[in-house]
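work-v1.cif follows (mmCIF, C-alpha atoms):
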data_target
#
loop_
_atom_site.group_PDB
_atom_site.id
_atom_site.type_symbol
_atom_site.label_atom_id
_atom_site.label_comp_id
_atom_site.auth_asym_id
_atom_site.auth_seq_id
_atom_site.Cartn_x
_atom_site.Cartn_y
_atom_site.Cartn_z
ATOM 1 C CA MET A 1 11.123 13.565 9.416
ATOM 2 C CA GLU A 2 14.714 12.503 8.919
ATOM 3 C CA GLY A 3 16.977 12.298 11.949
ATOM 4 C CA PRO A 4 20.450 13.883 11.894
ATOM 5 C CA VAL A 5 22.117 10.492 11.463
ATOM 6 C CA CYS A 6 20.057 9.874 8.349
ATOM 7 C CA GLN A 7 21.047 13.220 6.861
ATOM 8 C CA VAL A 8 24.717 12.517 7.509
ATOM 9 C CA ALA A 9 24.393 8.993 6.109
ATOM 10 C CA TRP A 10 22.720 10.288 2.987
ATOM 11 C CA GLY A 11 25.435 12.849 2.492
ATOM 12 C CA CYS A 12 28.114 10.166 2.833
ATOM 13 C CA TYR A 13 26.370 8.015 0.262
ATOM 14 C CA VAL A 14 26.133 10.857 -2.246
ATOM 15 C CA LEU A 15 29.856 11.512 -1.877
ATOM 16 C CA LEU A 16 30.566 7.813 -2.339
ATOM 17 C CA ALA A 17 28.405 7.646 -5.449
ATOM 18 C CA ILE A 18 30.089 10.690 -6.963
ATOM 19 C CA SER A 19 33.546 9.367 -6.187
ATOM 20 C CA ILE A 20 33.021 6.185 -8.207
ATOM 21 C CA GLY A 21 31.086 7.826 -11.003
ATOM 22 C CA ALA A 22 27.680 6.430 -10.168
ATOM 23 C CA HIS A 23 24.983 8.721 -11.492
ATOM 24 C CA CYS A 24 21.808 8.452 -9.465
ATOM 25 C CA ALA A 25 18.576 10.195 -10.336
ATOM 26 C CA MET A 26 16.134 10.806 -7.536
ATOM 27 C CA SER A 27 12.418 10.429 -8.156
ATOM 28 C CA SER A 28 9.580 11.150 -5.766
ATOM 29 C CA ASP A 29 9.279 7.498 -4.729
ATOM 30 C CA ASN A 30 12.693 5.909 -4.890
ATOM 31 C CA LEU A 31 16.147 6.166 -6.369
ATOM 32 C CA ALA A 32 17.156 4.768 -9.711
ATOM 33 C CA CYS A 33 20.792 3.989 -10.485
ATOM 34 C CA PRO A 34 21.940 2.990 -13.954
ATOM 35 C CA SER A 35 24.772 1.012 -12.401
ATOM 36 C CA THR A 36 24.955 -0.323 -8.859
ATOM 37 C CA SER A 37 27.390 -3.213 -9.107
ATOM 38 C CA ASP A 38 30.233 -1.272 -7.509
ATOM 39 C CA LEU A 39 28.087 -0.225 -4.557
ATOM 40 C CA ARG A 40 26.331 -3.414 -3.651
ATOM 41 C CA THR A 41 28.696 -4.529 -0.903
ATOM 42 C CA GLN A 42 29.132 -1.052 0.595
ATOM 43 C CA PRO A 43 27.135 0.346 3.506
ATOM 44 C CA VAL A 44 24.563 2.338 1.574
ATOM 45 C CA ALA A 45 21.840 4.829 2.322
ATOM 46 C CA ALA A 46 18.584 3.181 1.331
ATOM 47 C CA LEU A 47 14.960 4.070 1.665
ATOM 48 C CA ASP A 48 13.862 2.764 5.012
ATOM 49 C CA LYS A 49 11.070 0.326 5.641
ATOM 50 C CA GLU A 50 8.494 3.066 6.007
ATOM 51 C CA GLY A 51 9.776 5.266 3.185
ATOM 52 C CA ILE A 52 10.395 8.158 5.601
ATOM 53 C CA GLY A 53 13.985 8.756 4.628
ATOM 54 C CA PRO A 54 17.360 7.088 4.194
ATOM 55 C CA ALA A 55 18.821 4.968 6.961
ATOM 56 C CA MET A 56 22.391 3.728 7.038
ATOM 57 C CA THR A 57 22.677 -0.046 6.816
ATOM 58 C CA SER A 58 25.533 -2.490 6.474
ATOM 59 C CA ILE A 59 23.336 -5.133 4.841
ATOM 60 C CA PRO A 60 24.512 -5.820 1.266
ATOM 61 C CA MET A 61 21.563 -4.657 -0.750
ATOM 62 C CA ILE A 62 20.425 -3.191 -4.028
ATOM 63 C CA ALA A 63 21.930 0.274 -3.840
ATOM 64 C CA CYS A 64 19.637 3.271 -4.237
ATOM 65 C CA SER A 65 16.560 1.029 -3.926
ATOM 66 C CA THR A 66 17.014 0.283 -7.603
ATOM 67 C CA SER A 67 13.906 -0.816 -9.427
ATOM 68 C CA LEU A 68 13.911 -4.570 -9.681
ATOM 69 C CA SER A 69 11.131 -4.345 -12.238
ATOM 70 C CA GLU A 70 13.457 -2.553 -14.649
ATOM 71 C CA HIS A 71 14.845 -5.978 -15.464
ATOM 72 C CA HIS A 72 11.424 -7.584 -15.829
ATOM 73 C CA SER A 73 10.153 -6.776 -19.267
ATOM 74 C CA GLY A 74 7.207 -9.018 -19.973
ATOM 75 C CA GLY A 75 6.441 -12.376 -18.445
ATOM 76 C CA SER A 76 3.926 -13.484 -15.848
ATOM 77 C CA GLY A 77 3.710 -12.120 -12.328
ATOM 78 C CA THR A 78 5.108 -15.391 -11.024
ATOM 79 C CA ASN A 79 8.153 -15.065 -13.266
ATOM 80 C CA LYS A 80 8.655 -11.448 -12.253
ATOM 81 C CA ASN A 81 8.468 -12.393 -8.575
ATOM 82 C CA LYS A 82 11.075 -15.099 -9.131
ATOM 83 C CA GLN A 83 13.308 -12.661 -10.985
ATOM 84 C CA MET A 84 13.002 -10.219 -8.088
ATOM 85 C CA VAL A 85 14.198 -12.894 -5.683
ATOM 86 C CA GLU A 86 17.014 -13.915 -8.003
ATOM 87 C CA GLN A 87 18.245 -10.348 -8.163
ATOM 88 C CA LEU A 88 18.192 -10.080 -4.381
ATOM 89 C CA GLN A 89 20.392 -13.182 -4.394
ATOM 90 C CA ARG A 90 22.793 -11.679 -6.912
ATOM 91 C CA TYR A 91 23.223 -8.590 -4.781
ATOM 92 C CA GLY A 92 23.937 -10.678 -1.699
ATOM 93 C CA VAL A 93 20.741 -9.800 0.167
ATOM 94 C CA ILE A 94 19.559 -13.423 0.274
ATOM 95 C CA SER A 95 21.897 -16.325 0.997
ATOM 96 C CA SER A 96 19.392 -18.827 2.387
ATOM 97 C CA LYS A 97 17.886 -21.389 0.017
ATOM 98 C CA LYS A 98 14.841 -21.642 2.269
ATOM 99 C CA VAL A 99 14.220 -17.897 2.127
ATOM 100 C CA VAL A 100 14.589 -18.014 -1.661
ATOM 101 C CA GLU A 101 12.020 -20.789 -1.796
ATOM 102 C CA VAL A 102 9.452 -19.058 0.385
ATOM 103 C CA MET A 103 9.810 -15.664 -1.308
ATOM 104 C CA GLU A 104 9.382 -17.327 -4.698
ATOM 105 C CA THR A 105 6.318 -19.155 -3.402
ATOM 106 C CA ILE A 106 4.567 -16.102 -1.941
ATOM 107 C CA ASP A 107 4.038 -13.589 -4.750
ATOM 108 C CA ARG A 108 4.589 -10.065 -3.457
ATOM 109 C CA ALA A 109 2.203 -8.637 -6.082
ATOM 110 C CA LEU A 110 -0.748 -10.159 -4.217
ATOM 111 C CA PHE A 111 0.090 -8.091 -1.128
ATOM 112 C CA VAL A 112 0.531 -4.587 -2.536
ATOM 113 C CA PRO A 113 -2.217 -2.175 -3.611
ATOM 114 C CA ASP A 114 -3.421 -2.431 -7.187
ATOM 115 C CA GLY A 115 -1.471 -0.259 -9.579
ATOM 116 C CA THR A 116 1.733 -0.165 -7.531
ATOM 117 C CA PRO A 117 5.006 -1.658 -8.843
ATOM 118 C CA ALA A 118 5.132 -4.825 -6.778
ATOM 119 C CA TYR A 119 8.689 -5.836 -7.588
ATOM 120 C CA VAL A 120 10.484 -2.577 -6.820
ATOM 121 C CA ASP A 121 12.847 -2.760 -3.832
ATOM 122 C CA SER A 122 11.041 -0.037 -1.935
ATOM 123 C CA PRO A 123 8.355 0.218 0.739
ATOM 124 C CA MET A 124 4.827 0.801 -0.511
ATOM 125 C CA ALA A 125 2.046 2.770 1.156
ATOM 126 C CA ILE A 126 -0.946 0.563 2.003
ATOM 127 C CA GLY A 127 -3.191 3.189 3.603
ATOM 128 C CA TYR A 128 -3.896 4.087 7.228
ATOM 129 C CA ASN A 129 -0.371 5.569 7.575
ATOM 130 C CA ALA A 130 1.100 2.097 7.122
ATOM 131 C CA THR A 131 3.379 0.480 4.562
ATOM 132 C CA ILE A 132 4.562 -2.872 3.307
ATOM 133 C CA SER A 133 8.309 -3.269 3.715
ATOM 134 C CA ALA A 134 10.779 -3.324 0.854
ATOM 135 C CA PRO A 135 11.709 -6.825 -0.386
ATOM 136 C CA HIS A 136 15.253 -6.578 1.011
ATOM 137 C CA MET A 137 13.839 -5.966 4.510
ATOM 138 C CA HIS A 138 11.499 -8.941 4.205
ATOM 139 C CA ALA A 139 14.443 -11.084 3.145
ATOM 140 C CA THR A 140 16.596 -9.805 6.001
ATOM 141 C CA CYS A 141 13.978 -10.568 8.653
ATOM 142 C CA LEU A 142 13.197 -14.001 7.206
ATOM 143 C CA GLN A 143 16.878 -14.932 7.283
ATOM 144 C CA LEU A 144 17.293 -13.694 10.869
ATOM 145 C CA LEU A 145 14.321 -15.831 11.929
ATOM 146 C CA GLU A 146 14.890 -18.843 9.689
ATOM 147 C CA GLU A 147 16.065 -21.240 12.407
ATOM 148 C CA ASN A 148 12.955 -20.368 14.426
ATOM 149 C CA LEU A 149 10.581 -20.921 11.522
ATOM 150 C CA GLN A 150 11.096 -24.652 11.170
ATOM 151 C CA PRO A 151 8.145 -27.002 10.534
ATOM 152 C CA GLY A 152 5.899 -27.262 13.582
ATOM 153 C CA MET A 153 7.051 -24.019 15.199
ATOM 154 C CA HIS A 154 4.894 -21.045 16.234
ATOM 155 C CA ALA A 155 5.432 -17.556 14.782
ATOM 156 C CA LEU A 156 3.897 -14.176 15.600
ATOM 157 C CA ASP A 157 3.850 -11.238 13.167
ATOM 158 C CA VAL A 158 3.104 -7.958 14.969
ATOM 159 C CA GLY A 159 1.832 -5.229 12.663
ATOM 160 C CA SER A 160 1.036 -7.742 9.952
ATOM 161 C CA GLY A 161 -0.254 -5.140 7.476
ATOM 162 C CA THR A 162 -1.131 -6.727 4.140
ATOM 163 C CA GLY A 163 -0.248 -10.209 5.415
ATOM 164 C CA TYR A 164 2.882 -10.865 3.344
ATOM 165 C CA LEU A 165 5.276 -11.938 6.094
ATOM 166 C CA THR A 166 2.521 -13.810 7.925
ATOM 167 C CA ALA A 167 1.978 -15.837 4.753
ATOM 168 C CA CYS A 168 5.724 -16.470 4.488
ATOM 169 C CA PHE A 169 5.836 -17.613 8.113
ATOM 170 C CA ALA A 170 2.936 -20.008 7.554
ATOM 171 C CA THR A 171 4.678 -21.490 4.524
ATOM 172 C CA MET A 172 7.851 -22.088 6.537
ATOM 173 C CA VAL A 173 6.294 -23.558 9.698
ATOM 174 C CA GLY A 174 3.907 -25.785 7.733
ATOM 175 C CA PRO A 175 0.516 -27.219 8.681
ATOM 176 C CA GLN A 176 1.785 -28.580 11.992
ATOM 177 C CA GLY A 177 3.011 -25.125 13.015
ATOM 178 C CA ARG A 178 1.167 -21.905 13.678
ATOM 179 C CA ALA A 179 1.503 -18.429 12.123
ATOM 180 C CA ILE A 180 -0.356 -15.553 13.762
ATOM 181 C CA GLY A 181 -0.704 -12.023 12.393
ATOM 182 C CA VAL A 182 -1.808 -9.185 14.676
ATOM 183 C CA GLU A 183 -2.827 -5.849 13.161
ATOM 184 C CA HIS A 184 -4.699 -3.051 14.929
ATOM 185 C CA ILE A 185 -6.354 -1.645 11.793
ATOM 186 C CA PRO A 186 -9.445 -3.844 11.198
ATOM 187 C CA GLU A 187 -9.631 -2.860 7.530
ATOM 188 C CA LEU A 188 -6.078 -4.127 6.996
ATOM 189 C CA VAL A 189 -6.934 -7.369 8.772
ATOM 190 C CA ALA A 190 -9.841 -7.934 6.388
ATOM 191 C CA SER A 191 -7.845 -7.079 3.271
ATOM 192 C CA SER A 192 -4.862 -9.167 4.378
ATOM 193 C CA ILE A 193 -7.068 -12.228 4.697
ATOM 194 C CA LYS A 194 -8.301 -11.641 1.144
ATOM 195 C CA ASN A 195 -4.697 -11.318 -0.023
ATOM 196 C CA ILE A 196 -3.745 -14.587 1.640
ATOM 197 C CA GLU A 197 -6.746 -16.320 0.092
ATOM 198 C CA LYS A 198 -5.320 -15.496 -3.360
ATOM 199 C CA SER A 199 -1.824 -16.701 -2.453
ATOM 200 C CA ALA A 200 -0.012 -19.990 -2.005
ATOM 201 C CA ALA A 201 -0.705 -19.663 1.741
ATOM 202 C CA VAL A 202 -4.432 -20.261 1.303
ATOM 203 C CA SER A 203 -4.156 -23.873 2.530
ATOM 204 C CA PRO A 204 -2.833 -23.035 6.026
ATOM 205 C CA LEU A 205 -5.411 -20.235 6.231
ATOM 206 C CA LYS A 206 -8.242 -22.652 5.485
ATOM 207 C CA GLY A 207 -6.671 -25.333 7.647
ATOM 208 C CA GLY A 208 -6.415 -23.031 10.653
ATOM 209 C CA SER A 209 -2.653 -22.984 11.077
ATOM 210 C CA LEU A 210 -2.576 -19.367 9.797
ATOM 211 C CA SER A 211 -4.791 -16.650 11.226
ATOM 212 C CA VAL A 212 -4.855 -12.857 11.354
ATOM 213 C CA HIS A 213 -6.420 -10.949 14.234
ATOM 214 C CA ALA A 214 -7.337 -7.356 15.059
ATOM 215 C CA GLY A 215 -5.590 -6.251 18.229
ATOM 216 C CA ASP A 216 -2.842 -4.244 19.880
ATOM 217 C CA GLY A 217 0.326 -6.040 18.836
ATOM 218 C CA ARG A 218 2.242 -4.546 21.753
ATOM 219 C CA GLU A 219 0.344 -7.056 23.877
ATOM 220 C CA GLY A 220 1.229 -9.952 21.571
ATOM 221 C CA TRP A 221 -1.302 -12.747 21.135
ATOM 222 C CA PRO A 222 -1.224 -14.924 24.278
ATOM 223 C CA GLU A 223 -3.653 -17.545 22.967
ATOM 224 C CA HIS A 224 -0.994 -19.316 20.902
ATOM 225 C CA ALA A 225 2.092 -18.412 22.926
ATOM 226 C CA PRO A 226 4.874 -19.197 23.475
ATOM 227 C CA TYR A 227 6.357 -18.330 20.082
ATOM 228 C CA ASP A 228 9.535 -19.605 18.517
ATOM 229 C CA ALA A 229 9.691 -16.508 16.304
ATOM 230 C CA ILE A 230 8.311 -12.993 16.712
ATOM 231 C CA HIS A 231 8.583 -10.249 14.104
ATOM 232 C CA VAL A 232 7.588 -6.658 14.834
ATOM 233 C CA GLY A 233 6.991 -4.309 11.917
ATOM 234 C CA ALA A 234 7.154 -0.942 13.692
ATOM 235 C CA ALA A 235 9.634 0.728 16.039
ATOM 236 C CA ALA A 236 9.034 0.484 19.771
ATOM 237 C CA PRO A 237 10.627 2.984 22.171
ATOM 238 C CA GLU A 238 11.579 -0.096 24.169
ATOM 239 C CA ILE A 239 10.890 -3.794 23.750
ATOM 240 C CA PRO A 240 7.366 -4.544 25.036
ATOM 241 C CA GLN A 241 7.521 -6.888 28.004
ATOM 242 C CA PRO A 242 4.499 -8.969 26.855
ATOM 243 C CA LEU A 243 6.415 -9.894 23.700
ATOM 244 C CA ILE A 244 9.435 -10.993 25.720
ATOM 245 C CA ASP A 245 7.123 -12.982 27.996
ATOM 246 C CA GLN A 246 5.515 -14.714 25.001
ATOM 247 C CA LEU A 247 8.857 -15.641 23.437
ATOM 248 C CA LYS A 248 9.681 -19.293 23.943
ATOM 249 C CA PRO A 249 13.018 -20.289 25.554
ATOM 250 C CA GLY A 250 15.242 -20.827 22.528
ATOM 251 C CA GLY A 251 13.074 -18.401 20.552
ATOM 252 C CA ARG A 252 14.047 -15.248 18.677
ATOM 253 C CA MET A 253 12.395 -11.889 18.145
ATOM 254 C CA VAL A 254 13.334 -9.284 15.510
ATOM 255 C CA ILE A 255 12.150 -5.781 16.400
ATOM 256 C CA PRO A 256 13.117 -2.210 15.506
ATOM 257 C CA VAL A 257 13.757 -0.189 18.660
ATOM 258 C CA GLY A 258 14.196 3.541 19.124
ATOM 259 C CA LYS A 259 12.675 6.890 18.258
ATOM 260 C CA ILE A 260 14.878 9.213 16.190
ATOM 261 C CA PHE A 261 17.732 6.710 16.198
ATOM 262 C CA GLN A 262 16.535 3.158 15.609
ATOM 263 C CA ASP A 263 18.180 -0.250 15.451
ATOM 264 C CA LEU A 264 16.838 -3.554 14.216
ATOM 265 C CA GLN A 265 17.404 -5.625 17.339
ATOM 266 C CA VAL A 266 17.659 -9.387 17.559
ATOM 267 C CA VAL A 267 16.312 -10.711 20.855
ATOM 268 C CA ASP A 268 17.195 -14.290 21.791
ATOM 269 C CA LYS A 269 15.627 -15.943 24.821
ATOM 270 C CA ASN A 270 18.059 -18.460 26.254
ATOM 271 C CA LEU A 271 16.952 -21.846 27.545
ATOM 272 C CA ASP A 272 17.301 -20.610 31.140
ATOM 273 C CA GLY A 273 14.884 -17.755 30.393
ATOM 274 C CA SER A 274 17.505 -15.022 30.251
ATOM 275 C CA VAL A 275 17.512 -12.671 27.271
ATOM 276 C CA SER A 276 20.349 -11.671 24.948
ATOM 277 C CA ILE A 277 19.968 -8.630 22.679
ATOM 278 C CA ARG A 278 22.140 -7.477 19.805
ATOM 279 C CA SER A 279 21.773 -4.801 17.157
ATOM 280 C CA GLU A 280 21.681 -6.007 13.552
ATOM 281 C CA THR A 281 21.611 -2.686 11.689
ATOM 282 C CA ALA A 282 20.307 0.877 11.806
ATOM 283 C CA VAL A 283 16.788 1.268 10.398
ATOM 284 C CA ARG A 284 13.958 3.751 10.176
ATOM 285 C CA TYR A 285 10.398 2.612 10.945
ATOM 286 C CA VAL A 286 7.161 4.322 11.929
ATOM 287 C CA PRO A 287 6.409 4.040 15.647
ATOM 288 C CA LEU A 288 4.732 1.072 17.269
ATOM 289 C CA THR A 289 1.793 2.883 18.776
ATOM 290 C CA SER A 290 -1.944 2.805 19.312
ATOM 291 C CA ARG A 291 -4.455 2.574 16.487
ATOM 292 C CA ASP A 292 -5.727 6.112 17.102
ATOM 293 C CA ALA A 293 -2.239 7.590 17.172
ATOM 294 C CA GLN A 294 -1.332 5.823 13.929
ATOM 295 C CA LEU A 295 -4.442 7.056 12.151
ATOM 296 C CA LYS A 296 -3.657 10.612 13.300
ATOM 297 C CA GLY A 297 -0.114 10.254 12.016
ATOM 298 C CA TYR A 298 1.611 10.599 15.389
#

Any chance you could put this one into structure tokens?
Amino acid sequence: MEGPVCQVAWGCYVLLAISIGAHCAMSSDNLACPSTSDLRTQPVAALDKEGIGPAMTSIPMIACSTSLSEHHSGGSGTNKNKQMVEQLQRYGVISSKKVVEVMETIDRALFVPDGTPAYVDSPMAIGYNATISAPHMHATCLQLLEENLQPGMHALDVGSGTGYLTACFATMVGPQGRAIGVEHIPELVASSIKNIEKSAAVSPLKGGSLSVHAGDGREGWPEHAPYDAIHVGAAAPEIPQPLIDQLKPGGRMVIPVGKIFQDLQVVDKNLDGSVSIRSETAVRYVPLTSRDAQLKGY
């Protein structure tokens, strides 16, 4: 269900598009815009991470969740993945060379269900009332966490889904670091490991510096704490205390917080143990909840 703020934001975007002559055609899955160059630096209404409805964001992004694959006629999957990343750069979504490198290394197509358009800037359903985030959201979170994903650091991915971001984290922290995925749907844990085995992150998986576990991510994963970086892929009504406790002094967590109105919050733990929190942008995620509640669609 869309919240009132989303409806207002969507209405504002439509008016903006009309005013500059952008003609957008809505399909059942995403929005396609013949021309988005004039909109790319504006706050735009985009499909949210879970595909529930539009959320207002100030992040420069590909307006209307335009299909990146429209520009990818022919070529190998690796080339298409690289072209996807290059287009995210052109639209100002990615500015970090390191994030470019890791997103080019980890092919998104290996982490989406067969038959789905891997390189479209839109969330994709992966079963069990879960999704994989849109590429622009992956890029945003990787950039927010980049300084805490240096070689040798520890990273935790809560709600790891198909394993994409966990694989990215492992690539960034290297064999001396540690990347942990926690997912409470056992079937997704099993399939994510298979996905990683086919990807460029297979070496850390085999070497033990990358692992994915079945569990309640709200409790974190204490075994390998404290973490320099924590990413949470679903919206919590409030920040779970175990995740704050498992964040290393100097560490950073990125987590969507809220119910109807949600913000992507950046949580920094200072060296003295105190915590600073700021809001990065408005978002729309499914709730961070129990396995049973998720399967029932609550």

Self-check item: Atom pair atom CA of Ile260 of chain A / atom CA of Arg218 of chain A: separation (Å)
Solution: 19.5 Å

Quiz item: Where does the PyMOL selection byres ((chain A and resi 249) around 6) land in this file, that is, which residues does it pick, as a ChimeraX atom specification?
Solution: /A:248,250-251,269-271,273

Practice problem: May I have the residues within 12 Å of Glu187 of chain A as a VMD selection string, using all atoms listed in the file and disregarding those fewer than 3 positions away in the same chain? | Solution: chain A and resid 126 to 128 130 160 to 162 183 to 184 190 to 194 212 to 215 291

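In this comparison, which uses all atoms listed in the file, the residue of A:Pro237, A:Pro242, A:Gly174, A:Pro186 approaching Gly258 of chain A most closely is A:Pro237.
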
Self-check item: Residues near Gln265 of chain A, cut-off 8 Å, all atoms listed in the file, skip fewer than 6 positions along chain, as a ChimeraX atom specification
Solution: /A:254-257,277-281

Mind working out the centre and edge lengths of an axis-aligned box for segment 217-221 of chain A, all listed atoms inside, 5 Å added to each side, rounded to one decimal in Å and written as JSON?
{"center_x": 0.5, "center_y": -8.6, "center_z": 21.4, "size_x": 13.5, "size_y": 18.2, "size_z": 15.0}

Quiz prompt | Output check: residues returned by the PyMOL selection byres ((chain A and resi 100) around 12), as a VMD selection string | solution = chain A and resid 81 to 90 92 to 99 101 to 107 135 to 136 138 to 140 142 to 143 146 168 172

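Proximity ranking of A:Asp268, A:Glu223, A:Asp121, A:Glu197 relative to Val182 of chain A places A:Glu223 first, based on only C-alpha atoms.
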
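Atom pair atom CA of Ala293 of chain A / atom CA of Gly217 of chain A has a distance of 14.0 Å (rounded to one decimal).
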
Quiz item: So, counting only C-alpha atoms, which residue among A:Val275, A:Leu145, A:Met124, A:Val112 is closest to Leu243 of chain A?
Solution: A:Val275

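If you look at atom CA of Glu219 of chain A and atom CA of Ser199 of chain A, they are 28.1 Å away from each other.
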
Quiz item: What do you get, as an NGL selection string, if you spell out every residue that the PyMOL selection byres ((chain A and resi 149-154) around 12) selects here?
Solution: :A and (98-99 or 102 or 141-148 or 155-157 or 165-166 or 168-181 or 209-211 or 221-231 or 246-248 or 250-253)

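The nearest approach to Ser290 of chain A among the residues A:Ala236, A:Val120, A:Leu205, A:Ala134, with all atoms listed in the file taken into account, belongs to A:Ala236.
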
Self-check item: Option closest in space to Ser122 of chain A, from A:Met137, A:Leu295, A:Ala201, A:Val232 [counting all atoms listed in the file]
Solution: A:Met137
